[in-house]
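Trainee: Below you'll find query17.tsv; it's TSV, C-alpha atoms.
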```tsv
chain	number	residue	atom	x	y	z
A	1073	MET	CA	12.52	28.32	9.63
A	1074	LEU	CA	11.77	28.08	5.91
A	1075	SER	CA	12.13	31.53	4.32
A	1076	ASP	CA	11.11	32.79	0.89
A	1077	ALA	CA	14.78	32.65	-0.11
A	1078	HIS	CA	14.93	29.02	0.96
A	1079	ARG	CA	11.83	28.22	-1.11
A	1080	ALA	CA	13.33	29.85	-4.17
A	1081	ILE	CA	16.54	27.85	-3.81
A	1082	VAL	CA	14.67	24.56	-3.31
A	1083	LYS	CA	12.55	25.23	-6.41
A	1084	SER	CA	15.71	25.99	-8.39
A	1085	THR	CA	16.91	22.43	-7.71
A	1086	VAL	CA	13.85	20.86	-9.42
A	1087	PRO	CA	15.68	20.31	-12.79
A	1088	LEU	CA	18.46	18.50	-10.92
A	1089	LEU	CA	15.94	16.30	-9.16
A	1090	GLU	CA	14.14	15.57	-12.42
A	1091	SER	CA	17.33	14.28	-14.01
A	1092	GLY	CA	19.21	12.84	-11.06
A	1093	GLY	CA	16.76	12.33	-8.23
A	1094	GLU	CA	16.90	8.55	-8.30
A	1095	ALA	CA	20.71	8.50	-8.14
A	1096	LEU	CA	20.50	10.83	-5.15
A	1097	THR	CA	17.94	8.74	-3.27
A	1098	THR	CA	19.72	5.47	-4.06
A	1099	HIS	CA	22.87	6.87	-2.46
A	1100	PHE	CA	20.78	8.25	0.40
A	1101	TYR	CA	19.38	4.82	1.29
A	1102	LYS	CA	22.84	3.24	1.22
A	1103	MET	CA	24.07	5.84	3.70
A	1104	LEU	CA	20.97	5.70	5.89
A	1105	LEU	CA	20.95	1.92	6.25
A	1106	ARG	CA	24.73	1.81	6.76
A	1107	ASP	CA	24.99	4.59	9.33
A	1108	TYR	CA	21.67	4.06	11.15
A	1109	PRO	CA	21.09	0.29	11.29
A	1110	GLN	CA	18.25	0.81	13.77
A	1111	VAL	CA	16.00	1.84	10.83
A	1112	ILE	CA	16.68	-1.31	8.79
A	1113	PRO	CA	13.51	-3.09	10.07
A	1114	LEU	CA	11.42	-0.29	8.60
A	1115	PHE	CA	12.40	-1.10	5.02
A	1116	ASN	CA	11.72	-4.09	2.80
A	1117	PRO	CA	15.02	-5.09	1.14
A	1118	ALA	CA	13.13	-6.31	-1.93
A	1119	HIS	CA	12.00	-2.74	-2.58
A	1120	GLN	CA	15.59	-1.56	-2.26
A	1121	ASP	CA	16.88	-4.22	-4.64
A	1122	SER	CA	14.20	-3.48	-7.24
A	1123	GLY	CA	14.76	0.26	-7.00
A	1124	ALA	CA	11.12	0.85	-6.07
A	1125	GLN	CA	11.95	2.53	-2.76
A	1126	PRO	CA	14.51	5.00	-4.17
A	1127	ARG	CA	12.20	5.80	-7.10
A	1128	ALA	CA	9.28	6.44	-4.76
A	1129	LEU	CA	11.38	8.73	-2.56
A	1130	ALA	CA	12.80	10.53	-5.60
A	1131	ASN	CA	9.26	11.21	-6.79
A	1132	GLY	CA	8.22	12.42	-3.32
A	1133	VAL	CA	11.22	14.75	-2.99
A	1134	LEU	CA	10.59	16.11	-6.49
A	1135	MET	CA	6.90	16.73	-5.79
A	1136	TYR	CA	7.77	18.46	-2.52
A	1137	ALA	CA	10.33	20.71	-4.23
A	1138	ARG	CA	7.91	21.61	-7.04
A	1139	HIS	CA	5.14	22.55	-4.62
A	1140	ILE	CA	7.20	23.92	-1.73
A	1141	ASP	CA	5.14	27.12	-1.72
A	1142	GLN	CA	1.79	25.37	-2.35
A	1143	LEU	CA	1.85	22.19	-0.31
A	1144	GLU	CA	-1.86	21.64	-0.85
A	1145	GLN	CA	-0.93	20.69	-4.42
A	1146	LEU	CA	0.65	17.49	-3.06
A	1147	GLY	CA	-2.88	16.11	-2.75
A	1148	ASP	CA	-3.10	12.61	-1.27
A	1149	LEU	CA	0.67	12.07	-1.21
A	1150	VAL	CA	1.16	13.35	2.34
A	1151	GLY	CA	-1.76	11.30	3.67
A	1152	THR	CA	-0.45	8.16	1.98
A	1153	ILE	CA	3.01	8.66	3.47
A	1154	VAL	CA	1.63	9.38	6.93
A	1155	ASN	CA	-0.51	6.24	6.98
A	1156	LYS	CA	2.34	4.03	5.81
A	1157	HIS	CA	4.56	5.56	8.49
A	1158	VAL	CA	1.92	4.90	11.15
A	1159	ALA	CA	1.53	1.27	10.08
A	1160	LEU	CA	5.29	0.81	10.47
A	1161	GLN	CA	5.51	2.92	13.65
A	1162	ILE	CA	7.83	5.61	12.33
A	1163	LEU	CA	8.73	7.81	15.32
A	1164	PRO	CA	10.00	11.40	15.71
A	1165	GLU	CA	13.51	10.17	16.54
A	1166	HIS	CA	13.80	8.61	13.07
A	1167	TYR	CA	13.52	11.95	11.27
A	1168	PRO	CA	16.94	13.43	12.21
A	1169	MET	CA	18.58	10.24	10.90
A	1170	VAL	CA	16.82	10.65	7.58
A	1171	GLY	CA	17.60	14.38	7.40
A	1172	ASP	CA	21.29	13.88	8.13
A	1173	SER	CA	21.58	11.16	5.46
A	1174	LEU	CA	19.65	13.17	2.88
A	1175	LEU	CA	21.80	16.29	3.24
A	1176	ARG	CA	25.04	14.29	3.17
A	1177	ALA	CA	23.83	12.44	0.07
A	1178	MET	CA	23.16	15.78	-1.63
A	1179	ARG	CA	26.68	16.93	-0.89
A	1180	GLU	CA	28.25	13.71	-2.16
A	1181	VAL	CA	26.09	13.17	-5.25
A	1182	LEU	CA	25.67	16.77	-6.42
A	1183	GLY	CA	29.14	17.97	-5.49
A	1184	ALA	CA	30.30	21.18	-3.84
A	1185	GLU	CA	29.68	23.39	-6.88
A	1186	ILE	CA	25.96	22.55	-6.92
A	1187	ALA	CA	25.32	21.60	-3.29
A	1188	THR	CA	26.59	24.89	-1.95
A	1189	GLU	CA	26.16	25.92	1.65
A	1190	GLN	CA	23.14	27.98	0.61
A	1191	VAL	CA	21.51	24.98	-1.11
A	1192	ILE	CA	22.18	22.71	1.86
A	1193	GLU	CA	20.84	25.34	4.25
A	1194	ALA	CA	17.68	25.72	2.16
A	1195	TRP	CA	17.10	21.99	1.96
A	1196	ALA	CA	17.76	21.60	5.70
A	1197	ALA	CA	15.01	24.14	6.36
A	1198	ALA	CA	12.72	22.49	3.81
A	1199	TYR	CA	13.26	19.05	5.31
A	1200	GLY	CA	12.65	20.47	8.77
A	1201	GLN	CA	9.30	21.84	7.63
A	1202	LEU	CA	8.31	18.52	6.04
A	1203	ALA	CA	9.42	16.55	9.10
A	1204	ASP	CA	7.34	18.80	11.36
A	1205	ILE	CA	4.28	18.29	9.13
A	1206	LEU	CA	4.64	14.52	9.11
A	1207	ILE	CA	5.49	14.20	12.80
A	1208	GLY	CA	2.48	16.31	13.74
A	1209	ALA	CA	0.10	14.37	11.50
A	1210	GLU	CA	1.44	11.02	12.71
A	1211	ALA	CA	1.21	12.06	16.37
A	1212	GLY	CA	-2.45	12.89	15.89
A	1213	ILE	CA	-3.16	9.48	14.38
A	1214	TYR	CA	-1.15	7.62	17.04
A	1215	ASP	CA	-3.06	9.42	19.80
A	1216	ALA	CA	-6.44	8.84	18.18
A	1217	LYS	CA	-5.80	5.12	17.72
A	1218	ALA	CA	-4.53	4.75	21.28
A	1219	LYS	CA	-7.59	6.48	22.75
A	1220	ALA	CA	-10.19	4.73	20.58
A	1221	GLU	CA	-12.13	1.77	21.92
A	1222	GLY	CA	-10.06	-1.34	21.32
A	1223	GLY	CA	-7.12	0.81	20.24
A	1224	TRP	CA	-3.48	0.72	21.23
A	1225	ARG	CA	-0.12	2.29	20.44
A	1226	GLY	CA	3.00	0.44	19.40
A	1227	ALA	CA	3.09	-3.34	19.12
A	1228	ARG	CA	0.41	-5.58	20.58
A	1229	LYS	CA	0.51	-9.37	20.89
A	1230	PHE	CA	-1.91	-11.36	18.76
A	1231	VAL	CA	-2.28	-15.12	18.30
A	1232	VAL	CA	-3.02	-17.10	15.15
A	1233	VAL	CA	-6.40	-18.72	15.73
A	1234	ARG	CA	-7.03	-19.95	12.19
A	1235	ARG	CA	-5.29	-20.28	8.83
A	1236	VAL	CA	-6.83	-21.17	5.48
A	1237	GLU	CA	-5.13	-21.96	2.16
A	1238	GLU	CA	-6.99	-19.82	-0.36
A	1239	SER	CA	-4.97	-20.82	-3.45
A	1240	GLU	CA	-1.65	-22.39	-4.39
A	1241	GLU	CA	0.09	-19.15	-3.31
A	1242	ILE	CA	-2.19	-17.32	-0.88
A	1243	THR	CA	-2.96	-18.25	2.72
A	1244	SER	CA	-5.24	-16.37	5.11
A	1245	PHE	CA	-4.22	-15.83	8.73
A	1246	TYR	CA	-6.72	-14.95	11.46
A	1247	PHE	CA	-5.28	-13.08	14.47
A	1248	ALA	CA	-7.01	-12.62	17.84
A	1249	PRO	CA	-5.58	-10.44	20.64
A	1250	GLU	CA	-3.57	-12.38	23.21
A	1251	ASP	CA	-5.08	-10.33	26.05
A	1252	GLY	CA	-8.63	-11.17	24.94
A	1253	LYS	CA	-9.65	-7.51	24.98
A	1254	ALA	CA	-11.39	-5.47	22.28
A	1255	ILE	CA	-9.62	-4.60	19.05
A	1256	LEU	CA	-9.69	-1.45	16.95
A	1257	PRO	CA	-12.24	-1.45	14.12
A	1258	TYR	CA	-11.04	-0.57	10.62
A	1259	GLN	CA	-12.40	0.54	7.28
A	1260	PRO	CA	-12.45	-1.88	4.32
A	1261	GLY	CA	-9.36	-1.25	2.21
A	1262	GLN	CA	-7.03	-0.52	5.14
A	1263	TYR	CA	-3.97	-2.55	6.07
A	1264	ILE	CA	-2.20	-3.62	9.24
A	1265	GLY	CA	1.48	-3.61	10.19
A	1266	LEU	CA	3.24	-6.59	11.72
A	1267	ARG	CA	6.64	-7.25	13.27
A	1268	VAL	CA	8.55	-10.52	13.20
A	1269	ASP	CA	11.99	-11.64	14.37
A	1270	LEU	CA	13.83	-13.72	11.80
A	1271	ASP	CA	17.20	-15.13	12.84
A	1272	GLY	CA	17.73	-12.25	15.24
A	1273	SER	CA	16.71	-9.55	12.75
A	1274	GLU	CA	13.55	-7.52	13.21
A	1275	MET	CA	11.37	-7.03	10.12
A	1276	ARG	CA	8.17	-5.05	9.64
A	1277	ARG	CA	5.63	-5.43	6.86
A	1278	GLN	CA	2.15	-4.24	5.94
A	1279	TYR	CA	-0.71	-6.43	4.69
A	1280	SER	CA	-4.24	-5.55	3.63
A	1281	LEU	CA	-7.09	-6.63	5.87
A	1282	SER	CA	-9.00	-9.02	3.65
A	1283	ALA	CA	-12.35	-9.39	5.45
A	1284	LEU	CA	-15.11	-7.24	6.84
A	1285	PRO	CA	-14.29	-5.74	10.25
A	1286	ASN	CA	-14.72	-8.31	12.99
A	1287	PRO	CA	-14.85	-7.30	16.68
A	1288	ARG	CA	-12.77	-10.33	17.73
A	1289	MET	CA	-10.05	-10.81	15.11
A	1290	TYR	CA	-8.20	-9.53	12.04
A	1291	ARG	CA	-7.60	-11.43	8.81
A	1292	ILE	CA	-4.81	-10.93	6.30
A	1293	SER	CA	-4.28	-13.02	3.17
A	1294	VAL	CA	-0.62	-13.33	2.18
A	1295	LYS	CA	0.96	-14.41	-1.09
A	1296	ARG	CA	4.09	-16.54	-0.78
A	1297	GLU	CA	6.66	-14.47	-2.64
A	1298	ALA	CA	9.74	-16.12	-4.13
A	1299	GLY	CA	12.58	-15.01	-1.86
A	1300	GLY	CA	10.21	-13.09	0.39
A	1301	LYS	CA	11.53	-13.61	3.91
A	1302	VAL	CA	8.43	-12.51	5.81
A	1303	SER	CA	5.85	-14.05	3.49
A	1304	ASN	CA	7.65	-17.40	3.57
A	1305	TYR	CA	8.00	-17.18	7.35
A	1306	LEU	CA	4.26	-16.63	7.68
A	1307	HIS	CA	3.42	-19.53	5.36
A	1308	ASP	CA	5.89	-21.96	6.90
A	1309	GLN	CA	6.02	-21.07	10.58
A	1310	MET	CA	3.02	-18.94	11.55
A	1311	LEU	CA	0.93	-21.87	12.75
A	1312	ILE	CA	-2.19	-21.86	14.92
A	1313	GLY	CA	-1.29	-20.82	18.46
A	1314	LYS	CA	1.80	-18.80	17.54
A	1315	SER	CA	1.97	-15.16	18.58
A	1316	ILE	CA	2.95	-12.11	16.57
A	1317	ASP	CA	3.21	-8.35	17.12
A	1318	LEU	CA	0.66	-6.23	15.25
A	1319	TYR	CA	0.33	-2.47	14.85
A	1320	PRO	CA	-3.06	-0.72	14.59
A	1321	PRO	CA	-4.87	-0.66	11.22
A	1322	SER	CA	-4.10	2.26	8.94
A	1323	GLY	CA	-4.54	3.49	5.38
A	1324	GLU	CA	-6.48	6.00	3.28
A	1325	PHE	CA	-7.55	3.64	0.46
A	1326	THR	CA	-11.07	3.18	1.72
A	1327	LEU	CA	-14.52	2.89	0.22
A	1328	ILE	CA	-16.25	6.24	-0.26
A	1329	ALA	CA	-20.02	6.27	0.25
A	1330	SER	CA	-21.79	6.68	-3.09
A	1331	ASN	CA	-24.77	5.54	-5.13
A	1332	LYS	CA	-22.72	5.31	-8.31
A	1333	PRO	CA	-21.93	1.92	-9.86
A	1334	LEU	CA	-18.92	0.44	-8.06
A	1335	VAL	CA	-16.10	-1.19	-10.05
A	1336	LEU	CA	-13.49	-3.22	-8.16
A	1337	ILE	CA	-10.53	-4.32	-10.30
A	1338	SER	CA	-7.70	-6.48	-8.97
A	1339	GLY	CA	-4.71	-8.39	-10.21
A	1340	GLY	CA	-3.20	-11.31	-8.28
A	1341	VAL	CA	-2.99	-10.75	-4.54
A	1342	GLY	CA	-4.46	-7.28	-5.10
A	1343	ILE	CA	-7.80	-9.01	-4.55
A	1344	THR	CA	-7.33	-8.85	-0.77
A	1345	PRO	CA	-8.53	-5.29	0.00
A	1346	MET	CA	-11.23	-5.65	-2.65
A	1347	LEU	CA	-12.89	-8.47	-0.71
A	1348	ALA	CA	-13.54	-6.27	2.30
A	1349	MET	CA	-14.75	-3.44	0.06
A	1350	LEU	CA	-17.08	-5.79	-1.82
A	1351	GLU	CA	-18.68	-7.20	1.30
A	1352	ALA	CA	-19.07	-3.73	2.78
A	1353	ALA	CA	-20.75	-2.40	-0.38
A	1354	LEU	CA	-23.19	-5.25	-1.02
A	1355	PRO	CA	-25.85	-4.20	1.54
A	1356	SER	CA	-26.16	-0.81	-0.18
A	1357	GLY	CA	-27.75	-2.38	-3.23
A	1358	ARG	CA	-25.61	-0.31	-5.63
A	1359	PRO	CA	-24.52	-2.07	-8.86
A	1360	ILE	CA	-21.12	-3.73	-8.36
A	1361	TYR	CA	-18.73	-4.98	-11.04
A	1362	PHE	CA	-16.00	-7.21	-9.61
A	1363	ILE	CA	-13.17	-7.80	-12.11
A	1364	HIS	CA	-10.17	-9.97	-11.27
A	1365	ALA	CA	-7.13	-11.03	-13.31
A	1366	ALA	CA	-4.93	-13.99	-12.34
A	1367	ARG	CA	-2.21	-16.06	-13.99
A	1368	HIS	CA	-4.42	-19.16	-13.84
A	1369	GLY	CA	-7.10	-20.79	-11.74
A	1370	GLY	CA	-4.64	-22.40	-9.35
A	1371	VAL	CA	-3.53	-19.03	-7.99
A	1372	HIS	CA	-6.99	-17.44	-8.06
A	1373	ALA	CA	-7.93	-17.00	-4.40
A	1374	PHE	CA	-11.50	-16.54	-3.16
A	1375	ARG	CA	-13.20	-17.50	-6.44
A	1376	GLN	CA	-15.76	-19.68	-4.68
A	1377	LYS	CA	-16.50	-16.87	-2.20
A	1378	ILE	CA	-17.13	-14.38	-5.00
A	1379	ASP	CA	-19.33	-16.86	-6.88
A	1380	GLU	CA	-21.43	-17.44	-3.77
A	1381	LEU	CA	-21.85	-13.71	-3.18
A	1382	ALA	CA	-22.93	-13.23	-6.80
A	1383	GLN	CA	-25.63	-15.88	-6.36
A	1384	GLN	CA	-26.90	-14.15	-3.23
A	1385	HIS	CA	-26.77	-10.57	-4.57
A	1386	PRO	CA	-28.21	-9.94	-8.07
A	1387	GLN	CA	-26.58	-6.50	-8.30
A	1388	LEU	CA	-23.12	-8.11	-8.27
A	1389	GLN	CA	-21.56	-9.02	-11.60
A	1390	ARG	CA	-18.16	-10.72	-11.56
A	1391	PHE	CA	-15.65	-11.24	-14.35
A	1392	PHE	CA	-12.48	-13.33	-14.18
A	1393	CYS	CA	-9.60	-13.24	-16.66
A	1394	TYR	CA	-6.76	-15.82	-16.65
A	1395	ALA	CA	-3.52	-15.16	-18.50
A	1396	GLN	CA	-2.93	-18.91	-18.94
A	1397	GLN	CA	-5.40	-21.52	-20.14
A	1398	ARG	CA	-5.21	-24.77	-18.19
A	1399	GLN	CA	-7.53	-27.72	-18.61
A	1400	GLN	CA	-7.87	-28.35	-14.86
A	1401	ASP	CA	-8.96	-24.78	-14.04
A	1402	PRO	CA	-12.52	-23.57	-13.60
A	1403	VAL	CA	-13.62	-21.65	-16.67
A	1404	PRO	CA	-13.15	-17.85	-16.43
A	1405	GLN	CA	-15.03	-15.27	-18.46
A	1406	ALA	CA	-11.90	-14.69	-20.57
A	1407	HIS	CA	-8.33	-15.77	-21.20
A	1408	GLY	CA	-5.44	-13.45	-22.00
A	1409	ILE	CA	-4.73	-9.91	-20.85
A	1410	LEU	CA	-7.24	-7.57	-19.25
A	1411	ASP	CA	-7.02	-5.05	-22.09
A	1412	ARG	CA	-9.07	-1.96	-22.82
A	1413	GLU	CA	-11.57	-3.70	-25.08
A	1414	ARG	CA	-12.30	-6.43	-22.54
A	1415	LEU	CA	-12.59	-3.88	-19.76
A	1416	ALA	CA	-15.01	-1.84	-21.85
A	1417	ASP	CA	-17.20	-4.93	-22.34
A	1418	TRP	CA	-17.34	-5.57	-18.60
A	1419	LEU	CA	-17.84	-2.03	-17.29
A	1420	PRO	CA	-21.31	-0.49	-16.85
A	1421	GLN	CA	-22.71	1.63	-19.66
A	1422	THR	CA	-22.13	4.85	-17.76
A	1423	THR	CA	-18.68	6.30	-17.10
A	1424	ASP	CA	-20.03	8.06	-14.00
A	1425	LEU	CA	-18.78	5.28	-11.75
A	1426	ASP	CA	-16.42	4.72	-8.84
A	1427	ALA	CA	-13.44	2.55	-9.74
A	1428	TYR	CA	-10.92	1.06	-7.31
A	1429	PHE	CA	-7.96	-1.01	-8.49
A	1430	VAL	CA	-4.98	-2.79	-6.94
A	1431	GLY	CA	-2.37	-5.15	-8.36
A	1432	PRO	CA	1.19	-5.29	-9.71
A	1433	LYS	CA	2.54	-1.94	-10.88
A	1434	ALA	CA	2.40	-2.72	-14.62
A	1435	PHE	CA	-1.16	-3.98	-14.22
A	1436	MET	CA	-2.16	-0.80	-12.39
A	1437	GLN	CA	-0.51	1.42	-14.99
A	1438	ALA	CA	-2.50	-0.32	-17.71
A	1439	ILE	CA	-5.79	-0.13	-15.78
A	1440	LYS	CA	-5.30	3.57	-15.07
A	1441	ARG	CA	-4.70	4.23	-18.80
A	1442	HIS	CA	-7.70	2.14	-19.80
A	1443	LEU	CA	-10.09	3.81	-17.37
A	1444	HIS	CA	-8.94	7.24	-18.51
A	1445	ALA	CA	-9.34	6.30	-22.19
A	1446	LEU	CA	-12.82	4.95	-21.50
A	1447	GLY	CA	-13.88	8.26	-19.96
A	1448	VAL	CA	-13.89	7.49	-16.23
A	1449	PRO	CA	-13.21	10.79	-14.38
A	1450	PRO	CA	-9.72	10.72	-12.79
A	1451	GLN	CA	-11.09	11.72	-9.39
A	1452	GLN	CA	-13.34	8.63	-9.49
A	1453	SER	CA	-10.45	6.27	-10.25
A	1454	ARG	CA	-8.65	5.28	-7.04
A	1455	TYR	CA	-5.80	2.90	-6.32
A	1456	GLU	CA	-3.45	1.62	-3.62
A	1457	PHE	CA	0.16	0.46	-3.78
A	1458	PHE	CA	1.50	-2.67	-2.17
A	1459	GLY	CA	4.86	-1.22	-1.23
A	1460	PRO	CA	6.38	2.25	-1.71
A	1461	ALA	CA	3.94	4.77	-3.16
A	1462	CYS	CA	5.03	5.84	-6.62
A	1463	ALA	CA	3.63	7.51	-9.70
A	1464	LEU	CA	1.72	5.38	-12.19
A	1465	ASP	CA	2.20	7.82	-15.08
```
Go ahead and express the file in the form of structure tokens.
Mentor:
Amino acid sequence: MLSDAHRAIVKSTVPLLESGGEALTTHFYKMLLRDYPQVIPLFNPAHQDSGAQPRALANGVLMYARHIDQLEQLGDLVGTIVNKHVALQILPEHYPMVGDSLLRAMREVLGAEIATEQVIEAWAAAYGQLADILIGAEAGIYDAKAKAEGGWRGARKFVVVRRVEESEEITSFYFAPEDGKAILPYQPGQYIGLRVDLDGSEMRRQYSLSALPNPRMYRISVKREAGGKVSNYLHDQMLIGKSIDLYPPSGEFTLIASNKPLVLISGGVGITPMLAMLEAALPSGRPIYFIHAARHGGVHAFRQKIDELAQQHPQLQRFFCYAQQRQQDPVPQAHGILDRERLADWLPQTTDLDAYFVGPKAFMQAIKRHLHALGVPPQQSRYEFFGPACALD
């Protein structure tokens, strides 16, 4: 049980986590994946190699330590973690493996003088509290999805019934349930987990659902990533008629009902959740500003779809910005970088708007800064990460 003394000790370690948290979590992941190979499918090696996963965990551990006595201050962080865990099917038996590796990493990285028995005891109690919170929240979601109409728990077999090349890099895959039964509805902006077996190794990934909810099938639109094992497998081998294991839809990055002007900003493959949000919002009649940045026209997916929707719905304004200028590309509204001045020109006159944005991390950092500088209230500026959740600041 977490005592007041434990909380005080955990909070006293905040300066150490601020300066050395990433070194700690990097060592933690090496130990975890070495000593508990059964969890390897739950992690994308690209995020390990880039350092994104250790940085995200370091930030999460730091936030938890800072707010150990006021967990409500963690805001959306817990919900984001829970939904990502559900999409990957993190189970209660995984938590002791993580706890053991974390405490051993503290001992080895911080050393005996800092990681005293009292510190380890306090962090063991703190981790136990956090694990109980996450396990309880995840159990509730698992049960709700299993009991809902069309719902299920664990993996379920789906079949590829259609695939469409949307650009030079992005292909859409349509999945229908192999058993022909109903499927779980989802909210625009959510994602789905999938499991594949590559050369005898299990891998799990999450992809945004890129179309309005359909009672018969799900659609994801996947970018072929250089060196990406799962994305290349999907592009090269996931042909019509092949089966795949899917986990129920999840995610908290969803469209909030509002009459305010809606601004959807995406970079690259970040356009995928925005498509579902756009189509869901159009019947409301609210003003919509759809802004998309791409390297060039050849990798700009769904441009024709957006153009058609703009012709059908006068309240929709769309703006495209290409970093490269190529003669063979359709003409965008601008070339170069989506900077603050260009964003200001394309946003509505009022700053009382709802903004949603997704894209590469550097793109999202810039958009967050621009929206703040232009006066958009922070609570009306929402975003989603493709990969480990981390701080944009």
Trainee: Write out as a VMD selection string each polymer residue whose atoms come within 8 Å of Leu1114 (chain A), counting all atoms listed in the file; drop sequence neighbours fewer than 5 positions from it.
Mentor: chain A and resid 1160 1162 1275 to 1277
Trainee: Interatomic distance between CA of Gly1323 (chain A) and CA of Ile1153 (chain A)?
Mentor: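 We find that CA of Gly1323 (chain A) and CA of Ile1153 (chain A) lie 9.3 Å from each other.
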Trainee: How close does region 1257-1328 of chain A get to region 1192-1213 of chain A? List, as a Markdown table, each residue of region 1257-1328 of chain A within 12 Å, its nearest atom pair and the distance in Å to one decimal, counting all atoms listed in the file.
Mentor:
```
| residue | atom | partner | partner_atom | distance |
| --- | --- | --- | --- | --- |
| A:Pro1320 | CA | A:Ile1213 | CA | 10.2 |
| A:Pro1321 | CA | A:Ile1213 | CA | 10.8 |
| A:Ser1322 | CA | A:Ile1213 | CA | 9.1 |
| A:Gly1323 | CA | A:Ile1213 | CA | 10.9 |
```
Trainee: Leaving out region 1085-1087 of chain A and any residue of its chain fewer than 5 positions from it, which residues lie within 10 Å of it when counting all atoms listed in the file, given as a list of chain:residue names?
Mentor: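 Close residues of region 1085-1087 of chain A: A:Ala1080, A:Gly1092, A:Gly1093, A:Val1133, A:Leu1134, A:Met1135, A:Tyr1136, A:Ala1137, A:Arg1138, A:Ile1186, A:Ala1187, A:Val1191, A:Trp1195.
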Trainee: Quick check, in Å to one decimal: how far apart do CA of Pro1355 (chain A) and CA of Glu1380 (chain A) lie?
Mentor: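 Computed distance, CA of Pro1355 (chain A) to CA of Glu1380 (chain A), equals 14.9 Å.
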Trainee: Given the choices A:Phe1230, A:Tyr1101, A:Trp1224, A:Tyr1319, which gets closest to Leu1266 (chain A) if the distance is worked out from only C-alpha atoms?
Mentor: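 The shortest atom-to-atom distance to Leu1266 (chain A) comes from A:Tyr1319.
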Trainee: Could you list, as a ChimeraX atom specification, every residue within 10 Å of region 1365-1377 of chain A, counting all atoms listed in the file and ignoring same-chain residues fewer than 5 positions away?
Mentor: /A:1237-1244,1293,1295,1337-1344,1347,1382,1390-1404,1406-1410,1431,1435
Trainee: Could you state the separation of CA of Lys1440 (chain A) and CA of Arg1454 (chain A) in Å, given to one decimal place?
Mentor: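 Those two atoms sit 8.9 Å apart.
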Trainee: May I have the residues within 8 Å of Arg1228 (chain A) as a ChimeraX atom specification, using only C-alpha atoms and disregarding those fewer than 6 positions away in the same chain?
Mentor: /A:1249,1317-1319
Trainee: Contacts of Leu1354 (chain A) at 9 Å or less, counting only C-alpha atoms, minus same-chain residues fewer than 3 places along, as a compact mmCIF listing (two decimals) with C-alpha atoms, in the frame of the given file?
Mentor:
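Saved as around_35.txt:
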```txt
# COMPACT_ATOMS: atom_id res chain seq x y z
CA MET A 1349 -14.75 -3.44 0.06
CA LEU A 1350 -17.08 -5.79 -1.82
CA GLU A 1351 -18.68 -7.20 1.30
CA GLY A 1357 -27.75 -2.38 -3.23
CA ARG A 1358 -25.61 -0.31 -5.63
CA PRO A 1359 -24.52 -2.07 -8.86
CA ILE A 1360 -21.12 -3.73 -8.36
CA LEU A 1381 -21.85 -13.71 -3.18
CA HIS A 1385 -26.77 -10.57 -4.57
CA GLN A 1387 -26.58 -6.50 -8.30
CA LEU A 1388 -23.12 -8.11 -8.27
```
Trainee: With all atoms listed in the file as the basis for distance, which of A:His1166, A:Arg1296, A:Lys1156, A:Arg1441 is at the shortest distance from Leu1105 (chain A)?
Mentor: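 That would be A:His1166, the residue with the smallest distance to Leu1105 (chain A).
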